[in-house]
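Here's upload.cif, which has mmCIF, C-alpha atoms and all ligand atoms:
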```cif
data_query
loop_
_atom_site.group_PDB
_atom_site.id
_atom_site.type_symbol
_atom_site.label_atom_id
_atom_site.label_comp_id
_atom_site.auth_asym_id
_atom_site.auth_seq_id
_atom_site.Cartn_x
_atom_site.Cartn_y
_atom_site.Cartn_z
ATOM 1 C CA VAL A 1 20.624 12.685 -8.422
ATOM 2 C CA ARG A 2 22.368 13.063 -11.706
ATOM 3 C CA ASP A 3 24.012 10.404 -13.801
ATOM 4 C CA VAL A 4 26.133 8.311 -11.403
ATOM 5 C CA ASP A 5 29.313 8.716 -13.447
ATOM 6 C CA ALA A 6 28.891 12.495 -13.620
ATOM 7 C CA LEU A 7 28.302 12.629 -9.881
ATOM 8 C CA THR A 8 31.325 10.511 -8.996
ATOM 9 C CA ALA A 9 33.518 12.488 -11.412
ATOM 10 C CA ASP A 10 32.346 15.677 -9.694
ATOM 11 C CA LEU A 11 33.138 14.247 -6.256
ATOM 12 C CA HIS A 12 36.596 13.126 -7.385
ATOM 13 C CA ALA A 13 37.222 16.613 -8.785
ATOM 14 C CA ARG A 14 36.404 18.036 -5.350
ATOM 15 C CA GLY A 15 38.877 15.643 -3.770
ATOM 16 C CA LEU A 16 36.202 13.416 -2.227
ATOM 17 C CA ARG A 17 36.467 9.666 -2.187
ATOM 18 C CA VAL A 18 33.620 7.585 -3.548
ATOM 19 C CA THR A 19 33.500 4.271 -1.726
ATOM 20 C CA PRO A 20 31.913 1.224 -3.401
ATOM 21 C CA GLN A 21 29.038 1.510 -0.888
ATOM 22 C CA ARG A 22 28.330 5.086 -1.887
ATOM 23 C CA HIS A 23 28.656 4.308 -5.557
ATOM 24 C CA LEU A 24 26.006 1.615 -5.092
ATOM 25 C CA ILE A 25 23.703 3.986 -3.190
ATOM 26 C CA TYR A 26 23.993 6.598 -5.949
ATOM 27 C CA SER A 27 23.209 4.036 -8.654
ATOM 28 C CA LEU A 28 20.197 2.702 -6.766
ATOM 29 C CA LEU A 29 18.790 6.203 -6.347
ATOM 30 C CA ALA A 30 19.415 7.070 -9.990
ATOM 31 C CA GLU A 31 17.574 3.895 -11.018
ATOM 32 C CA LYS A 32 14.631 4.189 -8.656
ATOM 33 C CA PRO A 33 13.552 7.794 -8.274
ATOM 34 C CA ASN A 34 10.328 6.876 -6.458
ATOM 35 C CA HIS A 35 10.794 8.437 -3.005
ATOM 36 C CA PRO A 36 12.077 5.310 -1.251
ATOM 37 C CA THR A 37 12.295 5.333 2.523
ATOM 38 C CA ILE A 38 15.812 5.329 3.987
ATOM 39 C CA GLU A 39 15.150 1.771 5.217
ATOM 40 C CA ALA A 40 14.162 0.705 1.694
ATOM 41 C CA VAL A 41 17.409 2.127 0.305
ATOM 42 C CA HIS A 42 19.310 0.225 2.996
ATOM 43 C CA GLU A 43 17.479 -3.010 2.119
ATOM 44 C CA ALA A 44 18.354 -2.609 -1.563
ATOM 45 C CA VAL A 45 21.984 -1.908 -0.638
ATOM 46 C CA VAL A 46 22.404 -4.962 1.620
ATOM 47 C CA ALA A 47 20.956 -7.159 -1.136
ATOM 48 C CA VAL A 48 24.182 -6.377 -3.016
ATOM 49 C CA LEU A 49 26.641 -5.520 -0.228
ATOM 50 C CA PRO A 50 25.372 -7.357 2.887
ATOM 51 C CA THR A 51 27.750 -5.676 5.356
ATOM 52 C CA VAL A 52 26.643 -2.064 4.790
ATOM 53 C CA SER A 53 25.028 -0.616 7.914
ATOM 54 C CA LEU A 54 21.943 1.593 8.057
ATOM 55 C CA ARG A 55 24.178 4.256 9.575
ATOM 56 C CA THR A 56 26.415 4.268 6.495
ATOM 57 C CA VAL A 57 23.340 4.692 4.289
ATOM 58 C CA TYR A 58 22.089 7.551 6.494
ATOM 59 C CA GLN A 59 25.429 9.298 6.333
ATOM 60 C CA ALA A 60 25.663 8.940 2.545
ATOM 61 C CA LEU A 61 22.129 10.324 2.132
ATOM 62 C CA HIS A 62 22.812 13.272 4.439
ATOM 63 C CA ASP A 63 25.945 14.072 2.468
ATOM 64 C CA LEU A 64 23.978 13.891 -0.790
ATOM 65 C CA GLU A 65 21.416 16.258 0.710
ATOM 66 C CA ALA A 66 24.157 18.667 1.783
ATOM 67 C CA MET A 67 25.443 18.578 -1.786
ATOM 68 C CA GLY A 68 21.971 19.432 -3.083
ATOM 69 C CA GLU A 69 21.574 16.147 -4.963
ATOM 70 C CA VAL A 70 18.585 14.849 -2.984
ATOM 71 C CA ARG A 71 16.125 16.094 -0.403
ATOM 72 C CA LEU A 72 15.055 14.066 2.622
ATOM 73 C CA VAL A 73 11.339 14.677 2.946
ATOM 74 C CA GLN A 74 8.853 13.683 5.577
ATOM 75 C CA VAL A 75 5.129 13.701 4.930
ATOM 76 C CA GLY A 76 3.002 13.941 8.053
ATOM 77 C CA ASN A 77 4.468 11.610 10.651
ATOM 78 C CA GLY A 78 5.467 8.992 8.075
ATOM 79 C CA PRO A 79 9.028 7.803 7.565
ATOM 80 C CA ARG A 80 11.631 10.052 5.990
ATOM 81 C CA ARG A 81 11.970 9.482 2.275
ATOM 82 C CA VAL A 82 14.626 10.209 -0.273
ATOM 83 C CA ASP A 83 13.482 12.615 -2.950
ATOM 84 C CA THR A 84 15.860 12.419 -5.882
ATOM 85 C CA ARG A 85 14.582 15.745 -7.209
ATOM 86 C CA PRO A 86 16.254 18.504 -5.244
ATOM 87 C CA ASP A 87 14.112 21.250 -6.819
ATOM 88 C CA ARG A 88 10.979 22.447 -5.040
ATOM 89 C CA HIS A 89 7.845 20.589 -6.049
ATOM 90 C CA ALA A 90 4.609 19.383 -4.519
ATOM 91 C CA HIS A 91 3.535 15.804 -3.794
ATOM 92 C CA LEU A 92 0.514 13.562 -4.019
ATOM 93 C CA CYS A 93 0.400 11.216 -1.047
ATOM 94 C CA CYS A 94 -1.834 8.188 -0.645
ATOM 95 C CA ALA A 95 -3.287 8.209 2.848
ATOM 96 C CA LYS A 96 -3.631 4.417 2.775
ATOM 97 C CA CYS A 97 -0.345 3.056 1.439
ATOM 98 C CA GLY A 98 1.862 6.124 1.668
ATOM 99 C CA ARG A 99 2.850 6.191 -2.031
ATOM 100 C CA LEU A 100 4.327 9.539 -2.934
ATOM 101 C CA HIS A 101 4.278 11.096 -6.395
ATOM 102 C CA ASP A 102 5.678 14.351 -7.710
ATOM 103 C CA VAL A 103 3.416 17.208 -8.762
ATOM 104 C CA ASP A 104 4.855 20.054 -10.784
ATOM 105 C CA ILE A 105 3.131 23.142 -9.552
ATOM 106 C CA ASP A 106 4.865 26.325 -8.556
ATOM 107 C CA VAL A 107 4.476 26.803 -4.808
ATOM 108 C CA SER A 108 7.099 29.539 -4.525
ATOM 109 C CA GLY A 109 4.381 32.197 -4.374
ATOM 110 C CA LEU A 110 2.728 30.490 -1.419
ATOM 111 C CA VAL A 111 3.539 32.642 1.625
ATOM 112 C CA PRO A 112 1.567 33.414 4.766
ATOM 113 C CA PRO A 113 0.251 36.965 5.182
ATOM 114 C CA VAL A 114 2.774 39.236 6.948
ATOM 115 C CA GLU A 115 0.552 39.669 10.030
ATOM 116 C CA GLN A 116 0.464 35.910 10.563
ATOM 117 C CA ARG A 117 4.192 35.178 10.204
ATOM 118 C CA ARG A 118 4.929 35.667 13.939
ATOM 119 C CA GLY A 119 8.443 36.817 13.224
ATOM 120 C CA PHE A 120 9.346 33.696 11.245
ATOM 121 C CA ALA A 121 11.837 33.942 8.420
ATOM 122 C CA ILE A 122 9.985 31.715 5.947
ATOM 123 C CA ASP A 123 12.238 29.698 3.672
ATOM 124 C CA GLY A 124 9.785 27.394 1.990
ATOM 125 C CA ALA A 125 6.580 25.399 2.014
ATOM 126 C CA GLU A 126 5.858 21.714 1.641
ATOM 127 C CA VAL A 127 2.662 21.119 -0.299
ATOM 128 C CA VAL A 128 1.159 17.644 -0.040
ATOM 129 C CA PHE A 129 -2.125 16.636 -1.592
ATOM 130 C CA SER A 130 -3.536 13.693 0.310
ATOM 131 C CA GLY A 131 -6.020 11.183 -0.976
ATOM 132 C CA CYS A 132 -6.295 7.619 -2.192
ATOM 133 C CA CYS A 133 -4.137 6.220 -5.006
ATOM 134 C CA PRO A 134 -5.683 4.113 -7.829
ATOM 135 C CA MET A 135 -4.246 0.903 -6.382
ATOM 136 C CA CYS A 136 -5.845 1.458 -2.975
ATOM 137 C CA HIS A 137 -8.970 2.726 -4.695
ATOM 138 C CA GLY A 138 -9.052 -0.478 -6.744
ATOM 139 C CA ASP A 139 -8.827 -2.619 -3.611
ATOM 140 C CA LYS A 140 -11.736 -0.767 -2.128
ATOM 141 C CA SER A 141 -14.028 -1.008 -5.154
ATOM 142 C CA GLU A 142 -13.263 -4.741 -5.448
ATOM 143 C CA HIS A 143 -14.776 -5.419 -2.050
ATOM 144 C CA PRO A 144 -17.555 -2.875 -1.625
ATOM 145 C CA SER A 145 -19.768 -5.476 0.028
ATOM 146 C CA ASP A 146 -17.156 -6.173 2.729
ATOM 147 C CA ASP A 147 -17.031 -2.519 3.625
ATOM 148 C CA GLU A 148 -20.792 -2.271 3.638
ATOM 149 C CA SER A 149 -21.345 -5.358 5.800
ATOM 150 C CA ALA A 150 -18.585 -4.276 8.195
ATOM 151 C CA ARG A 151 -20.238 -0.910 8.510
ATOM 152 C CA GLN A 152 -23.653 -2.436 9.125
ATOM 153 C CA GLU A 153 -22.087 -4.793 11.658
ATOM 154 C CA ARG A 154 -20.732 -1.810 13.570
ATOM 155 C CA VAL A 155 -24.092 -0.064 13.373
ATOM 156 C CA ARG A 156 -25.864 -3.146 14.736
ATOM 157 C CA ARG A 157 -23.469 -3.354 17.673
ATOM 158 C CA VAL A 158 -24.203 0.260 18.543
HETATM 159 ZN ZN ZN A 201 -2.394 3.823 -2.058
HETATM 160 ZN ZN ZN A 202 9.329 14.438 -5.007
#
```
Represent the structure contained in this file as structure tokens.
Ligand SMILES: [Zn+2]
Ligand SMILES: [Zn+2]
Amino acid sequence: VRDVDALTADLHARGLRVTPQRHLIYSLLAEKPNHPTIEAVHEAVVAVLPTVSLRTVYQALHDLEAMGEVRLVQVGNGPRRVDTRPDRHAHLCCAKCGRLHDVDIDVSGLVPPVEQRRGFAIDGAEVVFSGCCPMCHGDKSEHPSDDESARQERVRRV
């Protein structure tokens, strides 16, 4: 997502109407480029314009994706998220809280060997590094004794 004014000017130039709802969605995405879920975008929208439906938000996001302004990404079987960077990049994903961060490594050279492609026309790869973010890490190290006693409890029951 580019600057909201540049984006709306571009849409006007192409003869497309920018409704107040869409203008709000664009501004929210430009402000918060942190891979929000579609539901989170909807929540932020209704905080300002309470009558906007989830469907309207979906439609606006799909249109933005079609325009190449955002990508809707899904990591594992988690919720779909809005990636405000349309270029190819990798992600770090926290297995505990689901936080997603961008990683700038070139994955364009990552292709399966010809004999394993099974006739697929490959058009890309999603690279996700999974692990534990510092915030979830922090929680864990704050209560090491809880984990330990819980583990021992389980062992005793077995
Ligand atoms: Zn986390
Ligand atoms: Zn991203």
Residue among A:Gln21, A:Gln59, A:Gln74, A:Ser130 lying closest to Val46 of chain A, counting only C-alpha atoms: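 Of the candidates, the smallest distance to Val46 of chain A is held by A:Gln21.
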Quick one: what's the axis-aligned box for segment 85-89 of chain A, all listed atoms, 8 Å on every side, centre and edges in Å to one decimal, as AutoDock Vina command-line options?
```
--center_x 12.0 --center_y 19.1 --center_z -6.1 --size_x 24.4 --size_y 22.7 --size_z 18.2
```
Provide the atom CA of Val41 of chain A to atom CA of Thr84 of chain A distance in Å, to one decimal place. 12.1 Å
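Taking all atoms listed in the file into account, ligand ZN 202 (chain A) lies nearest to A:Leu92 out of the set A:Leu92, A:Leu28, A:Ala44, A:Ala121.
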Name the residues captured by the PyMOL selection byres (((not hetatm)) within 9 of (chain A and resi 201)) when it is applied to the shown file; answer as a PyMOL selection string. chain A and resi 93-100+131-137
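Counting only C-alpha atoms and all ligand atoms and comparing A:Gly76, A:Leu16, A:Val82, A:Val57, the residue that lies closest to ligand ZN 202 (chain A) is A:Val82.
Using all atoms listed in the file, the residues found no farther than 9 Å from segment 60-67 of chain A, other than those of its own chain fewer than 2 positions away, are Val1, Gln21, Arg22, Ile25, Tyr26, Ile38, Arg55, Thr56, Val57, Tyr58, Glu69, Val70, Arg71, Leu72, Val82 and Pro86 of chain A.
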How about saving the chosen residues, C-alpha atoms kept, as an mmCIF file, keeping the file's coordinate frame?
```
data_model
loop_
_atom_site.group_PDB
_atom_site.id
_atom_site.type_symbol
_atom_site.label_atom_id
_atom_site.label_comp_id
_atom_site.auth_asym_id
_atom_site.auth_seq_id
_atom_site.Cartn_x
_atom_site.Cartn_y
_atom_site.Cartn_z
ATOM 1 C CA VAL A 1 20.624 12.685 -8.422
ATOM 2 C CA GLN A 21 29.038 1.510 -0.888
ATOM 3 C CA ARG A 22 28.330 5.086 -1.887
ATOM 4 C CA ILE A 25 23.703 3.986 -3.190
ATOM 5 C CA TYR A 26 23.993 6.598 -5.949
ATOM 6 C CA ILE A 38 15.812 5.329 3.987
ATOM 7 C CA ARG A 55 24.178 4.256 9.575
ATOM 8 C CA THR A 56 26.415 4.268 6.495
ATOM 9 C CA VAL A 57 23.340 4.692 4.289
ATOM 10 C CA TYR A 58 22.089 7.551 6.494
ATOM 11 C CA GLU A 69 21.574 16.147 -4.963
ATOM 12 C CA VAL A 70 18.585 14.849 -2.984
ATOM 13 C CA ARG A 71 16.125 16.094 -0.403
ATOM 14 C CA LEU A 72 15.055 14.066 2.622
ATOM 15 C CA VAL A 82 14.626 10.209 -0.273
ATOM 16 C CA PRO A 86 16.254 18.504 -5.244
#
```
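One distance worth recording is that between atom CA of Thr8 of chain A and atom CA of Val48 of chain A, which is 19.3 Å.
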